Amino acid sequence: MKNSAMPVAVDLGSSSVRVIVGTFDGVRLQLSEVARFPNESRTVAGRLVWPLDELIELTRSVLAALAGAGMSSVGVDSWGVDHVLVDAAGRAVGHPASYRDTRAARVPDR
């Protein structure tokens with residue numbers, strides 16, 4: 001799949017991660033899903049969290065393969081309501097809490 005411009009999109013969804021490759025033939029944009037793997041929140045220390053390290057490792061392995069095939073750029077879309085705290089070096093301080101965690105149940109009341 002060698003191409004002079006092969007953009008890649010990574011969609012971190014609440015149930016799966018999808019990696020999509022775009023190709024453009026000068027007239028038409030073609031999108032192809034090249035990888036999909038599950039994303040399931042899990043309980044760690046009493047909180048419902050996302051498996052960030054696992055998601056990063058799986059995504060990196062797919063992107064490494066695509067880099068060898070001519071990947072030209074990457075865009076990443078992630079959860080709109082969740083976040084992860086990072087330290088000064090940019091490393092995750094902990095797991096990102098899932099929006100489904102009960103910690104947020106009373107937020108609308110406040």
# chains A, B, ... in the order shown; residues from 1 in each chain; ligands from 1
>>> select_by_dssp(residues="chain A", states="helix (DSSP H, G or I)", output="MDAnalysis selection string")
chainID A and resid 52:67 102:104 107:109
>>> residues_around(residues="A:Asn39", least_positions_apart="6", cutoff="12 Å", atoms="only C-alpha atoms", output="list in words")
Asp11, Leu12, Gly13, Ser14, Ser15, Ser16, Val17, Arg18, Val49, Trp50, Pro51, Leu52, Asp53, Glu54, Leu55, Ile56, Leu58, Thr59, Ser78, Trp79 and Ser98 of chain A
>>> write_last_selection(atoms="C-alpha atoms", output="PDB file, in the first residue's frame")
ATOM      1  CA  ASP A  11     -10.307   6.675  16.687  1.00  0.00           C
ATOM      2  CA  LEU A  12     -10.149   5.834  20.410  1.00  0.00           C
ATOM      3  CA  GLY A  13     -13.751   4.902  21.077  1.00  0.00           C
ATOM      4  CA  SER A  14     -15.397   3.720  24.257  1.00  0.00           C
ATOM      5  CA  SER A  15     -15.695   0.134  23.002  1.00  0.00           C
ATOM      6  CA  SER A  16     -12.965  -0.179  20.371  1.00  0.00           C
ATOM      7  CA  VAL A  17     -10.005   1.526  18.745  1.00  0.00           C
ATOM      8  CA  ARG A  18     -10.093   1.815  14.966  1.00  0.00           C
ATOM      9  CA  VAL A  49     -10.458   3.349  34.089  1.00  0.00           C
ATOM     10  CA  TRP A  50      -9.227   2.926  30.523  1.00  0.00           C
ATOM     11  CA  PRO A  51      -6.219   0.617  29.880  1.00  0.00           C
ATOM     12  CA  LEU A  52      -4.001   3.430  28.560  1.00  0.00           C
ATOM     13  CA  ASP A  53      -0.708   1.494  28.392  1.00  0.00           C
ATOM     14  CA  GLU A  54      -2.344  -1.330  26.458  1.00  0.00           C
ATOM     15  CA  LEU A  55      -4.059   1.069  24.045  1.00  0.00           C
ATOM     16  CA  ILE A  56      -0.811   2.923  23.399  1.00  0.00           C
ATOM     17  CA  LEU A  58      -1.454  -1.712  20.344  1.00  0.00           C
ATOM     18  CA  THR A  59      -1.793   1.599  18.504  1.00  0.00           C
ATOM     19  CA  SER A  78     -10.200  10.292  21.601  1.00  0.00           C
ATOM     20  CA  TRP A  79     -12.876  10.434  24.252  1.00  0.00           C
ATOM     21  CA  SER A  98     -13.782   6.406  32.410  1.00  0.00           C
TER      22      SER A  98
END
>>> atom_distance(atom1="atom CA of A:Arg91", atom2="atom CA of A:Ala35")
25.6 Å
>>> atom_distance(atom1="atom CA of A:Val62", atom2="atom CA of A:Arg36")
9.7 Å
>>> residues_around(residues="A:Ala5", least_positions_apart="2", cutoff="9 Å", atoms="only C-alpha atoms", output="PyMOL selection string")
chain A and resi 2-3+7+22-24+70-73
>>> closest_residue(among="A:Ala45, A:Ala105, A:Met6, A:Leu63", to="A:Val19", atoms="only C-alpha atoms")
A:Leu63
>>> select_by_dssp(residues="stretch 5-108 of chain A", states="strand (DSSP E)", output="PyMOL selection string")
chain A and resi 6-12+16-24+29-38+42-44+47-49+71-77
>>> write_last_selection(atoms="N, CA, C and O atoms", output="compact mmCIF listing (two decimals), in the first residue's frame")
# COMPACT_ATOMS: atom_id res chain seq x y z
N MET A 6 -0.33 9.03 2.50
CA MET A 6 -1.23 8.05 3.12
C MET A 6 -1.55 8.52 4.54
O MET A 6 -0.86 8.16 5.49
N PRO A 7 -2.59 9.35 4.68
CA PRO A 7 -2.97 9.79 6.02
C PRO A 7 -3.63 8.65 6.80
O PRO A 7 -4.28 7.79 6.23
N VAL A 8 -3.44 8.69 8.11
CA VAL A 8 -3.98 7.66 8.99
C VAL A 8 -4.78 8.35 10.10
O VAL A 8 -4.35 9.36 10.63
N ALA A 9 -5.93 7.76 10.43
CA ALA A 9 -6.75 8.26 11.52
C ALA A 9 -6.88 7.18 12.58
O ALA A 9 -7.08 6.00 12.24
N VAL A 10 -6.73 7.56 13.84
CA VAL A 10 -6.91 6.65 14.97
C VAL A 10 -8.10 7.17 15.77
O VAL A 10 -8.12 8.32 16.20
N ASP A 11 -9.11 6.32 15.94
CA ASP A 11 -10.31 6.68 16.69
C ASP A 11 -10.35 5.85 17.97
O ASP A 11 -10.57 4.64 17.92
N LEU A 12 -10.08 6.51 19.11
CA LEU A 12 -10.15 5.83 20.41
C LEU A 12 -11.59 5.94 20.91
O LEU A 12 -11.98 6.96 21.47
N SER A 16 -14.04 0.33 21.22
CA SER A 16 -12.97 -0.18 20.37
C SER A 16 -12.09 0.97 19.87
O SER A 16 -12.48 2.13 19.91
N VAL A 17 -10.92 0.58 19.39
CA VAL A 17 -10.01 1.53 18.74
C VAL A 17 -9.94 1.11 17.28
O VAL A 17 -9.71 -0.05 16.97
N ARG A 18 -10.16 2.08 16.40
CA ARG A 18 -10.09 1.81 14.97
C ARG A 18 -8.96 2.62 14.36
O ARG A 18 -8.73 3.77 14.74
N VAL A 19 -8.27 2.00 13.42
CA VAL A 19 -7.23 2.68 12.65
C VAL A 19 -7.67 2.65 11.19
O VAL A 19 -7.94 1.58 10.64
N ILE A 20 -7.76 3.83 10.60
CA ILE A 20 -8.27 3.97 9.24
C ILE A 20 -7.22 4.66 8.37
O ILE A 20 -6.62 5.64 8.79
N VAL A 21 -7.03 4.13 7.18
CA VAL A 21 -6.08 4.69 6.22
C VAL A 21 -6.86 5.36 5.09
O VAL A 21 -7.86 4.82 4.62
N GLY A 22 -6.39 6.52 4.69
CA GLY A 22 -6.99 7.21 3.56
C GLY A 22 -6.07 7.17 2.36
O GLY A 22 -4.86 7.27 2.49
N THR A 23 -6.66 6.99 1.19
CA THR A 23 -5.91 7.10 -0.06
C THR A 23 -6.71 8.00 -0.99
O THR A 23 -7.93 8.02 -0.96
N PHE A 24 -6.00 8.76 -1.80
CA PHE A 24 -6.64 9.69 -2.73
C PHE A 24 -6.04 9.48 -4.10
O PHE A 24 -4.83 9.56 -4.28
N LEU A 29 -11.52 10.06 -2.56
CA LEU A 29 -10.91 9.67 -1.30
C LEU A 29 -11.48 8.33 -0.88
O LEU A 29 -12.69 8.14 -0.83
N GLN A 30 -10.60 7.38 -0.62
CA GLN A 30 -11.00 6.04 -0.19
C GLN A 30 -10.54 5.84 1.25
O GLN A 30 -9.37 6.09 1.57
N LEU A 31 -11.42 5.40 2.14
CA LEU A 31 -11.08 5.13 3.53
C LEU A 31 -11.19 3.63 3.77
O LEU A 31 -12.17 3.00 3.39
N SER A 32 -10.16 3.08 4.44
CA SER A 32 -10.14 1.65 4.72
C SER A 32 -9.75 1.42 6.17
O SER A 32 -8.73 1.93 6.63
N GLU A 33 -10.56 0.64 6.87
CA GLU A 33 -10.21 0.25 8.24
C GLU A 33 -9.14 -0.83 8.15
O GLU A 33 -9.33 -1.87 7.53
N VAL A 34 -7.98 -0.57 8.76
CA VAL A 34 -6.87 -1.53 8.69
C VAL A 34 -6.65 -2.25 10.00
O VAL A 34 -5.95 -3.26 10.04
N ALA A 35 -7.22 -1.74 11.08
CA ALA A 35 -7.09 -2.42 12.37
C ALA A 35 -8.23 -1.99 13.28
O ALA A 35 -8.72 -0.86 13.19
N ARG A 36 -8.62 -2.91 14.14
CA ARG A 36 -9.62 -2.62 15.18
C ARG A 36 -9.32 -3.55 16.33
O ARG A 36 -9.09 -4.74 16.14
N PHE A 37 -9.29 -3.00 17.52
CA PHE A 37 -9.12 -3.83 18.71
C PHE A 37 -10.00 -3.29 19.83
O PHE A 37 -10.35 -2.11 19.85
N PRO A 38 -10.39 -4.18 20.76
CA PRO A 38 -11.32 -3.77 21.81
C PRO A 38 -10.72 -2.78 22.79
O PRO A 38 -9.51 -2.78 23.05
N ARG A 42 -11.87 -0.99 32.85
CA ARG A 42 -11.73 -1.99 33.92
C ARG A 42 -11.58 -1.29 35.25
O ARG A 42 -11.24 -0.11 35.30
N THR A 43 -11.83 -2.03 36.29
CA THR A 43 -11.75 -1.46 37.63
C THR A 43 -10.33 -1.61 38.17
O THR A 43 -9.78 -2.70 38.20
N VAL A 44 -9.75 -0.48 38.56
CA VAL A 44 -8.42 -0.45 39.19
C VAL A 44 -8.55 0.42 40.43
O VAL A 44 -8.96 1.59 40.33
N ARG A 47 -11.82 2.27 40.90
CA ARG A 47 -12.26 3.24 39.88
C ARG A 47 -12.32 2.55 38.53
O ARG A 47 -11.50 1.70 38.22
N LEU A 48 -13.27 2.97 37.73
CA LEU A 48 -13.39 2.45 36.37
C LEU A 48 -12.48 3.28 35.48
O LEU A 48 -12.66 4.51 35.36
N VAL A 49 -11.48 2.63 34.86
CA VAL A 49 -10.46 3.35 34.09
C VAL A 49 -10.26 2.70 32.73
O VAL A 49 -10.66 1.56 32.49
N MET A 71 3.04 5.76 5.47
CA MET A 71 2.17 6.67 6.22
C MET A 71 2.72 8.09 6.15
O MET A 71 3.90 8.33 6.35
N SER A 72 1.84 9.06 5.84
CA SER A 72 2.30 10.44 5.70
C SER A 72 1.91 11.32 6.88
O SER A 72 2.57 12.33 7.13
N SER A 73 0.86 10.98 7.59
CA SER A 73 0.41 11.79 8.73
C SER A 73 -0.52 10.96 9.59
O SER A 73 -1.05 9.93 9.15
N VAL A 74 -0.72 11.43 10.83
CA VAL A 74 -1.60 10.73 11.77
C VAL A 74 -2.48 11.74 12.48
O VAL A 74 -2.00 12.77 12.95
N GLY A 75 -3.75 11.44 12.58
CA GLY A 75 -4.68 12.22 13.38
C GLY A 75 -5.30 11.29 14.40
O GLY A 75 -5.59 10.13 14.08
N VAL A 76 -5.48 11.76 15.63
CA VAL A 76 -6.04 10.93 16.69
C VAL A 76 -7.26 11.62 17.28
O VAL A 76 -7.21 12.80 17.63
N ASP A 77 -8.34 10.87 17.39
CA ASP A 77 -9.56 11.34 18.02
C ASP A 77 -9.78 10.46 19.24
O ASP A 77 -9.71 9.24 19.15
>>> atom_distance(atom1="atom CA of A:Pro108", atom2="atom CA of A:Asp87")
29.1 Å
